[in-house]
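> File follows, model_35.txt with compact mmCIF, C-alpha atoms:
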```txt
# COMPACT_ATOMS: atom_id res chain seq x y z
CA MET A 29 169.64 -49.71 -73.36
CA LYS A 30 167.92 -52.31 -75.54
CA PHE A 31 168.20 -54.84 -72.73
CA LYS A 32 166.66 -52.42 -70.22
CA SER A 33 163.86 -51.58 -72.65
CA ALA A 34 163.13 -55.25 -73.14
CA LEU A 35 162.99 -55.78 -69.38
CA PHE A 36 160.64 -52.82 -69.02
CA PHE A 37 158.39 -54.11 -71.80
CA PHE A 38 158.33 -57.60 -70.28
CA GLY A 39 157.40 -56.17 -66.89
CA PHE A 40 154.61 -54.12 -68.46
CA LEU A 41 153.21 -57.21 -70.18
CA LEU A 42 153.41 -59.19 -66.92
CA ILE A 43 151.46 -56.59 -64.97
CA THR A 44 148.93 -56.13 -67.77
CA PHE A 45 148.37 -59.88 -67.97
CA SER A 46 147.95 -60.08 -64.21
CA SER A 47 145.35 -57.30 -64.28
CA LEU A 48 143.44 -58.99 -67.09
CA GLN A 49 143.57 -62.28 -65.20
CA ALA A 50 142.10 -60.57 -62.14
CA GLN A 51 139.33 -58.93 -64.16
CA GLN A 52 138.46 -62.21 -65.82
CA ALA A 53 138.30 -63.99 -62.46
CA LYS A 54 135.91 -61.34 -61.18
CA SER A 55 133.66 -61.31 -64.27
CA LYS A 56 133.39 -65.10 -64.38
CA SER A 57 132.19 -65.25 -60.79
CA GLY A 58 129.37 -62.77 -61.32
CA LEU A 59 129.57 -61.90 -57.62
CA THR A 60 129.28 -58.51 -55.97
CA LEU A 61 130.65 -57.59 -52.57
CA MET A 62 127.50 -56.12 -51.09
CA GLY A 63 124.65 -58.40 -50.15
CA ASN A 64 126.85 -61.46 -49.73
CA ARG A 65 128.58 -63.42 -47.00
CA PHE A 66 132.08 -64.60 -47.85
CA LEU A 67 134.37 -67.22 -46.40
CA THR A 68 138.05 -67.47 -47.33
CA PHE A 69 140.07 -70.48 -46.25
CA ASN A 70 143.86 -70.73 -46.49
CA THR A 71 146.46 -73.29 -45.60
CA VAL A 72 150.24 -73.13 -45.37
CA ILE A 73 152.62 -75.82 -46.61
CA ARG A 74 156.19 -75.50 -45.40
CA VAL A 75 159.25 -77.63 -44.61
CA ASN A 76 160.32 -76.00 -41.35
CA GLN A 77 158.06 -74.49 -38.74
CA ILE A 78 159.33 -70.95 -39.26
CA GLU A 79 161.45 -70.42 -42.37
CA VAL A 80 162.64 -66.97 -41.43
CA SER A 81 164.80 -66.69 -44.53
CA ARG A 82 165.91 -68.81 -47.46
CA ASP A 83 168.68 -70.44 -45.46
CA ARG A 84 167.66 -69.97 -41.82
CA ASN A 85 164.98 -71.79 -39.85
CA VAL A 86 163.51 -71.47 -36.37
CA GLY A 87 161.52 -74.28 -34.79
CA GLU A 88 160.78 -77.83 -35.84
CA ASP A 89 161.49 -79.67 -39.06
CA GLU A 90 157.99 -80.48 -40.34
CA ARG A 91 158.72 -82.75 -43.29
CA ALA A 92 157.10 -85.74 -41.57
CA LEU A 93 153.93 -83.72 -40.97
CA HIS A 94 153.45 -82.93 -44.65
CA THR A 95 152.38 -86.00 -46.60
CA PRO A 96 150.32 -86.53 -49.76
CA ALA A 97 147.79 -88.52 -47.73
CA LYS A 98 147.27 -85.57 -45.39
CA VAL A 99 146.81 -83.20 -48.34
CA VAL A 100 144.17 -85.50 -49.83
CA ALA A 101 142.30 -85.84 -46.52
CA PHE A 102 142.48 -82.08 -45.98
CA ARG A 103 141.08 -81.20 -49.41
CA ASN A 104 138.41 -83.90 -49.16
CA ALA A 105 137.24 -82.36 -45.87
CA VAL A 106 136.78 -79.02 -47.64
CA ALA A 107 135.04 -80.60 -50.63
CA GLU A 108 132.66 -82.59 -48.43
CA GLY A 109 132.01 -79.78 -45.97
CA PHE A 110 131.53 -77.13 -48.62
CA PRO A 111 130.89 -78.61 -52.11
CA GLY A 112 131.98 -76.23 -54.86
CA GLY A 113 134.10 -74.15 -52.50
CA LYS A 114 137.61 -72.93 -53.31
CA MET A 115 140.60 -72.48 -51.05
CA THR A 116 144.07 -70.93 -51.11
CA TRP A 117 147.30 -72.93 -50.75
CA ALA A 118 150.42 -71.00 -49.69
CA PHE A 119 153.84 -72.62 -50.16
CA SER A 120 156.93 -71.58 -48.26
CA TRP A 121 160.23 -71.04 -50.05
CA LEU A 122 161.57 -74.48 -49.14
CA ALA A 123 158.27 -76.25 -49.88
CA LEU A 124 158.37 -74.91 -53.42
CA GLN A 125 161.73 -76.54 -54.02
CA ASP A 126 162.03 -79.59 -51.77
CA THR A 127 162.98 -82.53 -54.01
CA SER A 128 161.77 -85.35 -51.75
CA ALA A 129 159.09 -87.66 -53.11
CA ASN A 130 156.49 -86.36 -50.63
CA TYR A 131 156.86 -82.73 -51.61
CA ARG A 132 156.96 -83.50 -55.32
CA GLU A 133 153.68 -85.40 -54.94
CA ILE A 134 152.16 -82.65 -52.76
CA ARG A 135 152.89 -80.02 -55.40
CA LYS A 136 151.41 -82.28 -58.09
CA LEU A 137 148.24 -82.84 -56.06
CA ILE A 138 147.69 -79.15 -55.39
CA ILE A 139 148.23 -78.21 -59.01
CA GLY A 140 145.51 -80.75 -59.76
CA TYR A 141 143.23 -79.08 -57.22
CA HIS A 142 143.77 -75.75 -58.93
CA PHE A 143 142.47 -77.15 -62.20
CA GLN A 144 139.76 -79.27 -60.56
CA TYR A 145 138.34 -76.81 -58.02
CA GLY A 146 139.76 -73.42 -58.97
CA ASP A 147 141.98 -73.27 -55.87
CA GLU A 148 144.60 -70.53 -55.63
CA ILE A 149 148.28 -71.46 -55.29
CA THR A 150 150.55 -68.79 -53.88
CA PHE A 151 153.58 -67.99 -51.71
CA ILE A 152 154.13 -67.18 -48.04
CA PRO A 153 157.45 -65.38 -47.41
CA GLY A 154 159.25 -65.86 -44.12
CA ALA A 155 156.53 -68.07 -42.62
CA TYR A 156 154.31 -65.15 -41.43
CA PHE A 157 157.13 -62.96 -40.13
CA ALA A 158 159.17 -61.93 -43.19
CA ASN A 159 159.87 -58.36 -42.08
CA ALA A 160 160.99 -59.40 -38.61
CA TYR A 161 163.92 -61.31 -40.12
CA ASN A 162 164.58 -59.90 -43.61
CA THR A 163 165.25 -56.56 -45.25
CA THR A 164 162.66 -54.97 -47.52
CA GLU A 165 164.87 -55.70 -50.51
CA GLN A 166 165.23 -59.37 -49.60
CA VAL A 167 161.48 -59.80 -49.14
CA ASN A 168 160.91 -58.23 -52.57
CA LYS A 169 163.42 -60.63 -54.09
CA ASP A 170 161.80 -63.60 -52.36
CA LEU A 171 158.39 -62.53 -53.67
CA HIS A 172 159.66 -62.10 -57.22
CA ASP A 173 161.57 -65.37 -57.36
CA ALA A 174 158.84 -67.42 -55.65
CA LEU A 175 156.17 -66.09 -58.00
CA LYS A 176 158.32 -67.23 -60.91
CA LEU A 177 158.65 -70.68 -59.36
CA ILE A 178 154.87 -70.90 -58.96
CA GLU A 179 154.23 -69.74 -62.52
CA ASN A 180 156.56 -72.40 -63.88
CA MET A 181 155.20 -75.05 -61.52
CA VAL A 182 151.53 -74.55 -62.42
CA GLY A 183 152.03 -73.59 -66.07
CA GLY A 184 149.37 -72.40 -68.48
CA GLY A 185 150.06 -68.72 -67.80
CA TYR A 186 148.96 -69.07 -64.17
CA ARG A 187 149.71 -66.29 -61.72
CA PRO A 188 148.21 -66.00 -58.23
CA LEU A 189 145.86 -63.13 -57.43
CA SER A 190 147.18 -62.68 -53.90
CA ILE A 191 149.98 -63.34 -51.43
CA VAL A 192 149.71 -64.89 -47.97
CA ALA A 193 152.15 -63.14 -45.67
CA GLY A 194 150.99 -62.97 -42.08
CA PHE A 195 152.56 -59.53 -41.83
CA MET A 196 153.80 -57.55 -44.83
CA SER A 197 155.37 -54.08 -44.65
CA ALA A 198 153.90 -51.18 -46.60
CA LYS A 199 156.96 -51.00 -48.86
CA ASN A 200 156.65 -54.67 -49.76
CA GLN A 201 152.92 -54.29 -50.45
CA GLU A 202 153.74 -51.33 -52.67
CA TYR A 203 156.24 -53.49 -54.56
CA LEU A 204 153.62 -56.21 -54.99
CA ALA A 205 151.14 -53.78 -56.51
CA ASP A 206 153.50 -51.68 -58.64
CA LYS A 207 156.05 -54.25 -59.81
CA GLU A 208 154.33 -57.64 -59.62
CA GLY A 209 150.80 -56.56 -60.49
CA ILE A 210 149.32 -58.30 -57.44
CA HIS A 211 146.73 -56.20 -55.64
CA VAL A 212 145.68 -58.44 -52.74
CA CYS A 213 147.86 -59.35 -49.77
CA GLN A 214 147.01 -61.05 -46.52
CA GLY A 215 149.25 -58.47 -44.89
CA ASN A 216 148.18 -58.11 -41.26
CA ILE A 217 147.13 -60.37 -38.41
CA TRP A 218 144.55 -58.28 -36.60
CA SER A 219 145.07 -57.83 -32.86
CA GLN A 220 148.30 -59.85 -32.68
CA PHE A 221 150.43 -58.74 -29.73
CA SER A 222 152.77 -60.63 -27.36
CA ILE A 223 152.17 -63.88 -29.19
CA ASP A 224 154.17 -65.83 -31.79
CA ASN A 225 157.16 -64.10 -33.39
CA GLN A 226 155.81 -60.68 -34.37
CA ASP A 227 153.45 -58.01 -33.05
CA GLY A 228 151.06 -56.17 -35.35
CA ASP A 229 148.09 -54.70 -33.47
CA GLY A 230 146.50 -51.48 -34.64
CA ALA A 231 144.94 -52.25 -38.03
CA VAL A 232 141.40 -52.52 -39.37
CA SER A 233 140.01 -56.06 -39.24
CA TYR A 234 138.28 -55.92 -42.65
CA PRO A 235 139.91 -55.06 -46.01
CA PHE A 236 141.57 -51.70 -46.61
CA TYR A 237 144.09 -50.06 -48.93
CA THR A 238 147.45 -49.78 -47.21
CA SER A 239 149.12 -46.48 -46.38
CA LYS A 240 152.68 -45.90 -47.53
CA GLU A 241 153.56 -45.07 -43.93
CA HIS A 242 152.55 -48.26 -42.11
CA PHE A 243 150.91 -51.56 -43.07
CA CYS A 244 148.40 -51.23 -40.19
CA LYS A 245 147.27 -47.80 -41.39
CA PRO A 246 144.65 -47.22 -44.10
CA ALA A 247 145.79 -44.90 -46.91
CA GLN A 248 144.60 -41.34 -46.30
CA ASN A 249 144.77 -39.82 -49.79
CA LYS A 250 146.09 -40.38 -53.32
CA ASN A 251 149.67 -39.54 -52.35
CA ASP A 252 149.53 -42.03 -49.48
CA PHE A 253 147.73 -44.75 -51.45
CA ILE A 254 149.03 -48.26 -52.17
CA ASP A 255 146.82 -50.17 -54.59
CA CYS A 256 146.99 -53.30 -52.47
CA VAL A 257 144.01 -54.67 -50.55
CA ASN A 258 145.31 -55.56 -47.09
CA LEU A 259 143.53 -58.58 -45.57
CA ASP A 260 143.45 -59.98 -42.06
CA GLY A 261 144.96 -63.43 -41.46
CA TRP A 262 142.15 -65.09 -39.53
CA THR A 263 138.96 -64.01 -37.82
CA VAL A 264 139.21 -63.71 -34.04
CA ASP A 265 136.67 -63.26 -31.29
CA PHE A 266 136.81 -59.51 -30.58
CA LEU A 267 136.53 -59.99 -26.82
CA ALA A 268 139.36 -62.53 -26.76
CA GLY A 269 141.38 -60.33 -29.11
CA ARG A 270 141.44 -57.40 -26.69
CA ARG A 271 143.78 -59.37 -24.45
CA LYS A 272 147.57 -59.37 -24.56
CA GLY A 273 149.02 -62.73 -25.63
CA PHE A 274 147.99 -65.39 -23.12
CA GLU A 275 147.09 -62.93 -20.39
CA GLY A 276 144.77 -64.37 -17.75
CA GLY A 277 145.34 -67.86 -19.07
CA PHE A 278 143.38 -67.14 -22.23
CA ASN A 279 144.54 -67.16 -25.85
CA SER A 280 144.02 -63.77 -27.51
CA ARG A 281 143.95 -65.44 -30.95
CA MET A 282 140.79 -67.43 -30.18
CA GLY A 283 138.18 -67.26 -32.93
CA VAL A 284 137.80 -69.58 -35.91
CA GLY A 285 141.28 -71.11 -35.75
CA PRO A 286 141.62 -74.74 -34.61
CA ILE A 287 144.57 -74.29 -32.21
CA GLU A 288 142.73 -71.93 -29.86
CA THR A 289 139.33 -73.66 -30.11
CA LEU A 290 139.25 -77.34 -31.10
CA ASP A 291 142.66 -78.21 -29.66
CA ARG A 292 142.03 -76.25 -26.45
CA TYR A 293 138.37 -76.99 -25.69
CA GLY A 294 137.56 -80.14 -27.69
CA SER A 295 135.45 -80.65 -30.78
CA GLU A 296 132.05 -79.72 -29.32
CA THR A 297 132.95 -76.57 -27.39
CA GLY A 298 135.60 -75.64 -29.95
CA LEU A 299 133.04 -75.74 -32.77
CA LYS A 300 130.65 -73.68 -30.65
CA GLU A 301 133.25 -70.91 -30.34
CA MET A 302 134.14 -71.12 -34.03
CA MET A 303 130.47 -70.68 -34.92
CA HIS A 304 130.11 -67.84 -32.41
CA SER A 305 133.02 -65.99 -34.03
CA THR A 306 131.59 -66.69 -37.48
CA ALA A 307 128.17 -65.37 -36.46
CA ILE A 308 129.65 -62.03 -35.35
CA HIS A 309 130.20 -61.33 -39.03
CA PHE A 310 127.45 -63.27 -40.76
CA ASP A 311 124.61 -62.02 -38.51
CA LYS A 312 124.95 -58.56 -36.92
CA GLY A 313 128.09 -57.70 -38.89
CA TYR A 314 126.32 -58.47 -42.17
CA GLU A 315 123.41 -56.26 -41.10
CA LEU A 316 125.69 -53.36 -40.18
CA ASN A 317 128.17 -53.52 -43.07
CA GLY A 318 126.13 -54.82 -46.00
CA PHE A 319 128.42 -57.83 -46.41
CA GLY A 320 130.12 -60.32 -44.14
CA TRP A 321 133.57 -61.88 -44.26
CA VAL A 322 135.18 -64.64 -42.22
CA THR A 323 138.68 -65.91 -42.91
CA ASN A 324 140.65 -68.83 -41.54
CA CYS A 325 144.17 -70.18 -41.97
CA TRP A 326 144.56 -73.83 -40.95
CA GLU A 327 148.14 -75.00 -41.31
CA LEU A 328 148.48 -78.40 -42.95
CA SER A 329 150.96 -79.52 -40.25
CA LEU A 330 148.45 -79.21 -37.39
CA PRO A 331 147.45 -82.46 -35.66
CA THR A 332 143.77 -81.45 -35.52
CA ASP A 333 141.42 -84.03 -37.04
CA VAL A 334 140.22 -82.69 -40.40
CA SER A 335 136.73 -84.02 -39.65
CA SER A 336 136.39 -80.95 -37.42
CA LEU A 337 137.10 -78.78 -40.45
CA LYS A 338 134.35 -80.57 -42.36
CA ASN A 339 131.98 -80.10 -39.41
CA TRP A 340 132.62 -76.33 -39.25
CA LEU A 341 132.09 -75.89 -43.00
CA THR A 342 128.95 -78.02 -42.90
CA ALA A 343 127.56 -76.01 -39.99
CA ILE A 344 128.22 -72.75 -41.84
CA ARG A 345 126.36 -73.93 -44.94
CA LYS A 346 123.44 -75.15 -42.84
CA ARG A 347 123.07 -71.87 -40.93
CA TRP A 348 123.90 -69.50 -43.80
CA PRO A 349 123.16 -71.41 -47.03
CA SER A 350 124.14 -68.52 -49.31
CA VAL A 351 127.73 -68.19 -48.03
CA LYS A 352 130.36 -68.07 -50.79
CA LEU A 353 133.65 -69.92 -50.22
CA ILE A 354 136.05 -68.30 -52.68
CA THR A 355 139.80 -67.80 -52.85
CA GLN A 356 141.52 -65.06 -50.93
CA GLY A 357 142.52 -63.34 -54.15
CA GLU A 358 139.00 -63.41 -55.56
CA PHE A 359 137.56 -61.90 -52.40
CA GLY A 360 140.17 -59.14 -52.27
CA LEU A 361 139.48 -58.20 -55.89
CA LEU A 362 135.72 -58.10 -55.24
CA TRP A 363 136.38 -55.63 -52.42
CA ARG A 364 138.72 -53.65 -54.70
CA SER A 365 136.05 -53.55 -57.40
CA HIS A 366 133.52 -52.08 -54.97
CA TYR A 367 135.80 -49.74 -53.01
CA LYS A 368 138.02 -47.48 -55.08
CA SER A 369 139.33 -45.76 -51.95
CA ASN A 370 139.15 -46.24 -48.19
CA SER A 371 135.54 -45.05 -47.98
CA PHE A 372 134.52 -47.97 -45.77
CA ASN A 373 132.81 -47.55 -42.39
CA TYR A 374 132.87 -50.90 -40.60
CA ARG A 375 130.92 -51.60 -37.43
CA PHE A 376 130.80 -54.72 -35.28
CA VAL A 377 128.97 -55.69 -32.08
CA GLU A 378 129.64 -58.84 -30.05
CA ARG A 379 128.33 -60.30 -26.83
CA GLY A 380 130.70 -62.90 -25.41
CA SER A 381 130.24 -66.64 -25.86
CA GLY A 382 131.37 -67.48 -22.32
CA ILE A 383 134.18 -69.62 -23.74
CA GLY A 384 137.77 -68.77 -22.88
CA GLY A 385 138.44 -65.05 -23.11
CA SER A 386 135.06 -64.33 -24.68
CA ASP A 387 133.41 -62.98 -21.52
CA ALA A 388 129.68 -63.73 -21.42
CA ASP A 389 129.04 -60.61 -19.33
CA LYS A 390 130.71 -58.22 -21.79
CA GLU A 391 129.65 -56.52 -24.99
CA ILE A 392 132.17 -54.95 -27.34
CA SER A 393 131.46 -52.50 -30.16
CA TRP A 394 134.01 -51.69 -32.83
CA PHE A 395 133.98 -48.75 -35.25
CA MET A 396 136.58 -48.73 -38.04
CA ASN A 397 137.12 -46.21 -40.83
CA LYS A 398 140.06 -44.61 -42.60
CA ASP A 399 140.37 -41.88 -39.95
CA PHE A 400 140.38 -44.00 -36.79
CA ARG A 401 139.30 -47.15 -35.03
CA LEU A 402 137.32 -47.07 -31.80
CA ALA A 403 136.32 -49.86 -29.41
CA LEU A 404 133.79 -49.55 -26.59
CA LEU A 405 133.41 -52.20 -23.88
CA LYS A 406 130.25 -52.59 -21.81
CA ASP A 407 129.77 -54.62 -18.63
CA LEU A 408 126.37 -56.30 -19.01
CA LYS A 409 126.31 -57.44 -15.38
CA THR A 410 126.50 -53.95 -13.90
CA ASN A 411 125.00 -52.16 -16.93
CA SER A 412 127.50 -49.38 -16.29
CA PRO A 413 128.37 -46.91 -19.07
CA GLU A 414 130.62 -48.37 -21.77
CA LYS A 415 134.27 -47.44 -21.76
CA VAL A 416 136.79 -46.73 -24.51
CA ILE A 417 139.35 -49.54 -24.70
CA ASP A 418 140.87 -48.51 -28.04
CA PHE A 419 141.13 -45.24 -29.93
CA THR A 420 143.69 -45.27 -32.72
CA ARG A 421 143.84 -42.30 -35.09
CA TYR A 422 144.96 -42.90 -38.65
CA ASP A 423 144.98 -39.23 -39.68
CA ILE A 424 148.31 -38.61 -37.96
CA ARG A 425 151.78 -39.64 -39.09
CA ALA A 426 152.95 -43.21 -38.62
CA ALA A 427 156.21 -44.99 -39.33
CA GLU A 428 157.31 -48.60 -39.58
CA PRO A 429 160.43 -49.79 -37.76
CA ALA A 430 163.72 -49.00 -39.45
CA GLU A 431 165.27 -52.23 -38.21
CA MET A 432 164.27 -55.88 -38.16
CA THR A 433 162.20 -56.36 -35.00
CA ARG A 434 159.09 -58.12 -33.73
CA LYS A 435 157.49 -54.80 -32.72
CA TRP A 436 155.39 -53.64 -35.68
CA SER A 437 152.23 -52.50 -33.88
CA LEU A 438 150.53 -49.16 -34.43
CA LEU A 439 149.50 -48.11 -30.93
CA GLY A 440 147.14 -45.17 -30.67
CA GLU A 441 145.96 -42.88 -27.90
CA ILE A 442 144.43 -45.89 -26.12
CA ASN A 443 145.17 -49.46 -27.18
CA GLN A 444 143.01 -52.47 -26.42
CA LYS A 445 145.93 -54.59 -25.15
CA GLN A 446 146.52 -52.29 -22.15
CA SER A 447 150.28 -52.73 -22.40
CA ARG A 448 150.96 -49.08 -21.41
CA PRO A 449 149.78 -46.98 -18.45
CA GLN A 450 147.82 -44.74 -20.83
CA ASP A 451 145.75 -47.69 -22.07
CA LYS A 452 143.46 -47.86 -19.05
CA PRO A 453 139.82 -47.89 -20.25
CA VAL A 454 138.06 -44.55 -19.87
CA PRO A 455 134.53 -43.18 -20.37
CA LEU A 456 133.92 -41.80 -23.84
CA ASP A 457 133.27 -38.29 -22.52
CA SER A 458 136.65 -38.24 -20.78
CA LEU A 459 138.53 -38.23 -24.09
CA SER A 460 140.01 -34.93 -25.18
CA ALA A 461 137.73 -32.41 -26.89
CA LYS A 462 139.60 -32.95 -30.15
CA SER A 463 139.22 -36.74 -29.99
CA ARG A 464 135.51 -36.44 -29.24
CA ALA A 465 135.09 -34.05 -32.14
CA ILE A 466 136.83 -36.45 -34.53
CA ILE A 467 134.59 -39.32 -33.39
CA ALA A 468 131.45 -37.19 -33.54
CA ILE A 469 131.95 -36.40 -37.22
CA ARG A 470 130.99 -40.01 -37.95
CA TYR A 471 129.19 -41.19 -34.83
CA GLN A 472 127.44 -38.23 -33.22
CA TYR A 473 124.85 -40.58 -31.72
CA LEU A 474 127.50 -41.97 -29.34
CA PHE A 475 127.46 -38.65 -27.47
CA LYS A 476 123.90 -38.85 -26.19
CA ASN A 477 124.33 -36.16 -23.55
CA ASP A 478 126.34 -33.64 -25.59
```
Show the structure stored in the file as C-alpha cells.


Amino acid sequence: MKFKSALFFFGFLLITFSSLQAQQAKSKSGLTLMGNRFLTFNTVIRVNQIEVSRDRNVGEDERALHTPAKVVAFRNAVAEGFPGGKMTWAFSWLALQDTSANYREIRKLIIGYHFQYGDEITFIPGAYFANAYNTTEQVNKDLHDALKLIENMVGGGYRPLSIVAGFMSAKNQEYLADKEGIHVCQGNIWSQFSIDNQDGDGAVSYPFYTSKEHFCKPAQNKNDFIDCVNLDGWTVDFLAGRRKGFEGGFNSRMGVGPIETLDRYGSETGLKEMMHSTAIHFDKGYELNGFGWVTNCWELSLPTDVSSLKNWLTAIRKRWPSVKLITQGEFGLLWRSHYKSNSFNYRFVERGSGIGGSDADKEISWFMNKDFRLALLKDLKTNSPEKVIDFTRYDIRAAEPAEMTRKWSLLGEINQKQSRPQDKPVPLDSLSAKSRAIIAIRYQYLFKND
C-alpha cells in the first residue's frame, strides 16, 4: 500500500509540475489567441521510415539521411527565415536511443537548440500511425517510456508541452491528459484518406477538444470531454484535400508541405502554392475566425533543399510581419486558455490557385463547429448554385475501430472524398429537413429562399 501511495503521489506531482510548466510558458509569452496569426513548424527525426512498433519497421532505413550537418542546416534555415522563431522536434522511439555517433550528436544539437531558441523536444509514436499497428495499451506504454527518456535526455526538469502523433486515438489522448499531464496532441491529419498508411478524414481542421468516442469528433459535453487539444498535422489546400489519395493524378495532401509542392512543381510554383495555402488562413480565415493558424511538418530526411524552407518563412514574414512562430505545445495551450469548451465556430473560404488539385474555377466554403462540419463547392465558371460535398454530424454516436486497421475515418452523411455512392454532391436544399434544420441553427443565411 505504501508503494502504491508513493506512486500515486509521484504521479500527482508530475502532472502538477507539467501544468505549472504550461502556465509559465503561456504567461511568459504574453500572447493571446485572438487577434494573432500563428505558425507552428515541426520536424520528425527517426531511424527507419516507418517505425510501426519498438521492434518492427516498414520502409527504408534512414540512418544515412539523418546527419548532424543536416540538422544544423535545417535549423539555420529556420533561424534565417524567421529570426526569433521556435520549432518542435519529434523523435521516434529508435532515434531517442540509437547509440551511433550521428544520433548522439543530433540529440546533443537539438538539446542545445531547446536552450538557445526555446524549441520543443517531444516524441512521435509509431511514426504517424501508432494505432494502426499497436494496441492502446502499448501506445500508452510507448508514450510514458519515451517521455521519461526525453526528460532524462534534456534534463533541468524539462517536459514537453505536446506530442506529435500523426493520428492518436481518443483513448490515448485521454491517457496523455489524465496520466501524463500533457494537454496538446497533434492527433489528426485532416482530410487524409487513401494515402500513406492510415486514413483519418472527418475531423475539424483547427484545434478542438477530443471526444471520448472518436479522435476525429469534437467533445459534445462534460461527460464526453477529453482535456486534450487535438491539432492537425499540416495545413492543406482545401480544394486539393477534397480528393481521394492521388485521384485524377493530383496529391490530396497538397498545401504547405514540401513533398506535394516544391518536390512536385519546383521551387517557384511550389512556393506559390505554399503561400496560397498559407493565405487561406492568414487573410480571409483570419478575418472570419479572429485568428489564423498554419502548421507544417517537414521531415528531416526529405531531400528538399532547405533554402526553400528559408524562402517560405521569409515570404511569410514579409507579407504578414506580425506572424508568431511558436512551438506546437505553446500554440495548443494558447487555444486551451481561450476556449474552455468546444465553443468554436470556424469558417474558411478558398478560391483555387490553379496549381495541381487546387482548381482555379472552384470556390470552397467550410463551416466547422462542435455539432457538424459542412463544405459547399461552387463552380465559378458556370456560376451554378453551390453544392454540399461534405456534411458530417458530430452530435450522433461514433466509435473507433476495435482492431488495428488503417481505416480510422469518421464518414458522415456526405463525405468530401466521394468514396461511397451516397457521397455525390447535392444542392443544399436537397438535404433532409432535419439536416437543414441543424445547419440553419448556426447558418440560417445559407438558406436564402427558405

> Compare A:Ala247, A:Leu353, A:Val377, A:Leu405 by their minimum atom-to-atom distance to Pro453 of chain A, counting only C-alpha atoms, and give me the closest one.

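Closest candidate: A:Leu405.
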
> Which polymer residues have any atom within 8 Å of an atom of Thr263 of chain A, counting all atoms listed in the file, with same-chain residues fewer than 6 positions away left out, as a list of chain:residue names?

A:Gly283, A:Val284, A:Gly285, A:Ser305, A:Thr306, A:Val322, A:Thr323, A:Asn324

> Contacts of segment 194-211 of chain A at 7 Å or less, counting all atoms listed in the file, minus same-chain residues fewer than 2 places along, as a PyMOL selection string?

chain A and resi 43+46-47+156-157+159+164+168+189-190+192+213-217+238-243+254-257+261

> Which residues are near Pro331 of chain A? Cut-off 9 Å, only C-alpha atoms, ignore same chain within fewer than 3 positions. Put them as JSON, numbers by chain.

{"A": [93, 291, 328, 334]}

> Check the smallest atom-to-atom distance from each of A:Leu267, A:Leu459, A:Val212, A:Ala97 to Asp387 of chain A using only C-alpha atoms, then report the winner.

A:Leu267

> Expressed in Å to a single decimal, how great is the separation between atom CA of Glu88 of chain A and atom CA of Asn76 of chain A?

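Going from atom CA of Glu88 of chain A over to atom CA of Asn76 of chain A covers 5.8 Å.
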
> Using all atoms listed in the file, determine which residues lie at most 10 Å from Phe475 of chain A, disregarding the query and same-chain residues fewer than 3 positions distant; provide the list as a ChimeraX atom specification.

/A:456-457,464,467-468,471-472,478

> For a quick check of understanding, using only C-alpha atoms, which of A:Ser336, A:Lys176, A:Ser393, A:Trp262 has the smallest distance to Gly313 of chain A?

A:Ser393

> Is it possible to get the residues within 6 Å of (160.2, -64.9, -49.5) (coordinates as in the file, counting all atoms listed in the file) written as a PyMOL selection string?

chain A and resi 153-154+167+170-171

> Using atom CA of Ser365 of chain A and atom CA of Leu59 of chain A as the two end points, give the distance in Å to one decimal.

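Computing it gives 10.6 Å between the two atoms.
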
> Which is closest to Lys435 of chain A among A:Phe395, A:Glu315, A:Phe376, A:Asn225, if we use all atoms listed in the file?

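Checking each of A:Phe395, A:Glu315, A:Phe376, A:Asn225 against Lys435 of chain A, counting all atoms listed in the file, the winner is A:Asn225.
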
> Using only C-alpha atoms, which of A:Asp418, A:Asp423, A:Asp333, A:Glu133 sits nearest Leu290 of chain A?

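Smallest separation from Leu290 of chain A among the options: A:Asp333.
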
> Between atom CA of Asp260 of chain A and atom CA of Asn104 of chain A, measure the distance and give it in Å to one decimal.

25.5 Å

> Choose the residue, out of A:Tyr234, A:Phe69, A:Phe221, A:Phe266, that has the smallest atom-to-atom separation from Ser447 of chain A; count all atoms listed in the file.

A:Phe221

> Residues within 9 Å of (140.8, -69.8, -30.1), file coordinates, counting all atoms listed in the file: what are they? Give the list as a tab-separated table (two decimals) with C-alpha atoms, in the coordinates of the input.


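The resulting file, out.tsv, is reproduced below:
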```tsv
chain	number	residue	atom	x	y	z
A	264	VAL	CA	139.21	-63.71	-34.04
A	265	ASP	CA	136.67	-63.26	-31.29
A	268	ALA	CA	139.36	-62.53	-26.76
A	278	PHE	CA	143.38	-67.14	-22.23
A	279	ASN	CA	144.54	-67.16	-25.85
A	280	SER	CA	144.02	-63.77	-27.51
A	281	ARG	CA	143.95	-65.44	-30.95
A	282	MET	CA	140.79	-67.43	-30.18
A	283	GLY	CA	138.18	-67.26	-32.93
A	284	VAL	CA	137.80	-69.58	-35.91
A	285	GLY	CA	141.28	-71.11	-35.75
A	286	PRO	CA	141.62	-74.74	-34.61
A	287	ILE	CA	144.57	-74.29	-32.21
A	288	GLU	CA	142.73	-71.93	-29.86
A	289	THR	CA	139.33	-73.66	-30.11
A	290	LEU	CA	139.25	-77.34	-31.10
A	291	ASP	CA	142.66	-78.21	-29.66
A	292	ARG	CA	142.03	-76.25	-26.45
A	293	TYR	CA	138.37	-76.99	-25.69
A	298	GLY	CA	135.60	-75.64	-29.95
A	301	GLU	CA	133.25	-70.91	-30.34
A	302	MET	CA	134.14	-71.12	-34.03
A	384	GLY	CA	137.77	-68.77	-22.88
A	385	GLY	CA	138.44	-65.05	-23.11
```

> Need to verify the contact set: Leu337 of chain A, 9 Å, all atoms listed in the file, exclusion of same-chain residues closer than 3 positions in sequence. Can you return it as a PyMOL selection string?

chain A and resi 102+105-106+109+286+326+332-334+340-342

> Distance table requested - segment 216-235 of chain A against segment 424-431 of chain A, cut-off 12 Å, only C-alpha atoms: one row per qualifying residue with the closest atom pair and its distance in Å to one decimal, ordered by chain and rising residue number, as JSON lines.


```
{"residue": "A:Asp227", "atom": "CA", "partner": "A:Pro429", "partner_atom": "CA", "distance": 11.8}
{"residue": "A:Gly228", "atom": "CA", "partner": "A:Glu428", "partner_atom": "CA", "distance": 10.7}
{"residue": "A:Gly230", "atom": "CA", "partner": "A:Ala426", "partner_atom": "CA", "distance": 11.2}
```

> Considering all atoms listed in the file, give me a table of residues in segment 326-416 of chain A that are at most 10 Å from segment 117-123 of chain A, with the closest atom pair and distance in Å for each, as JSON lines.


```
{"residue": "A:Glu327", "atom": "CA", "partner": "A:Ala118", "partner_atom": "CA", "distance": 9.6}
{"residue": "A:Leu328", "atom": "CA", "partner": "A:Trp117", "partner_atom": "CA", "distance": 9.6}
{"residue": "A:Thr355", "atom": "CA", "partner": "A:Trp117", "partner_atom": "CA", "distance": 9.3}
{"residue": "A:Gln356", "atom": "CA", "partner": "A:Trp117", "partner_atom": "CA", "distance": 9.8}
```
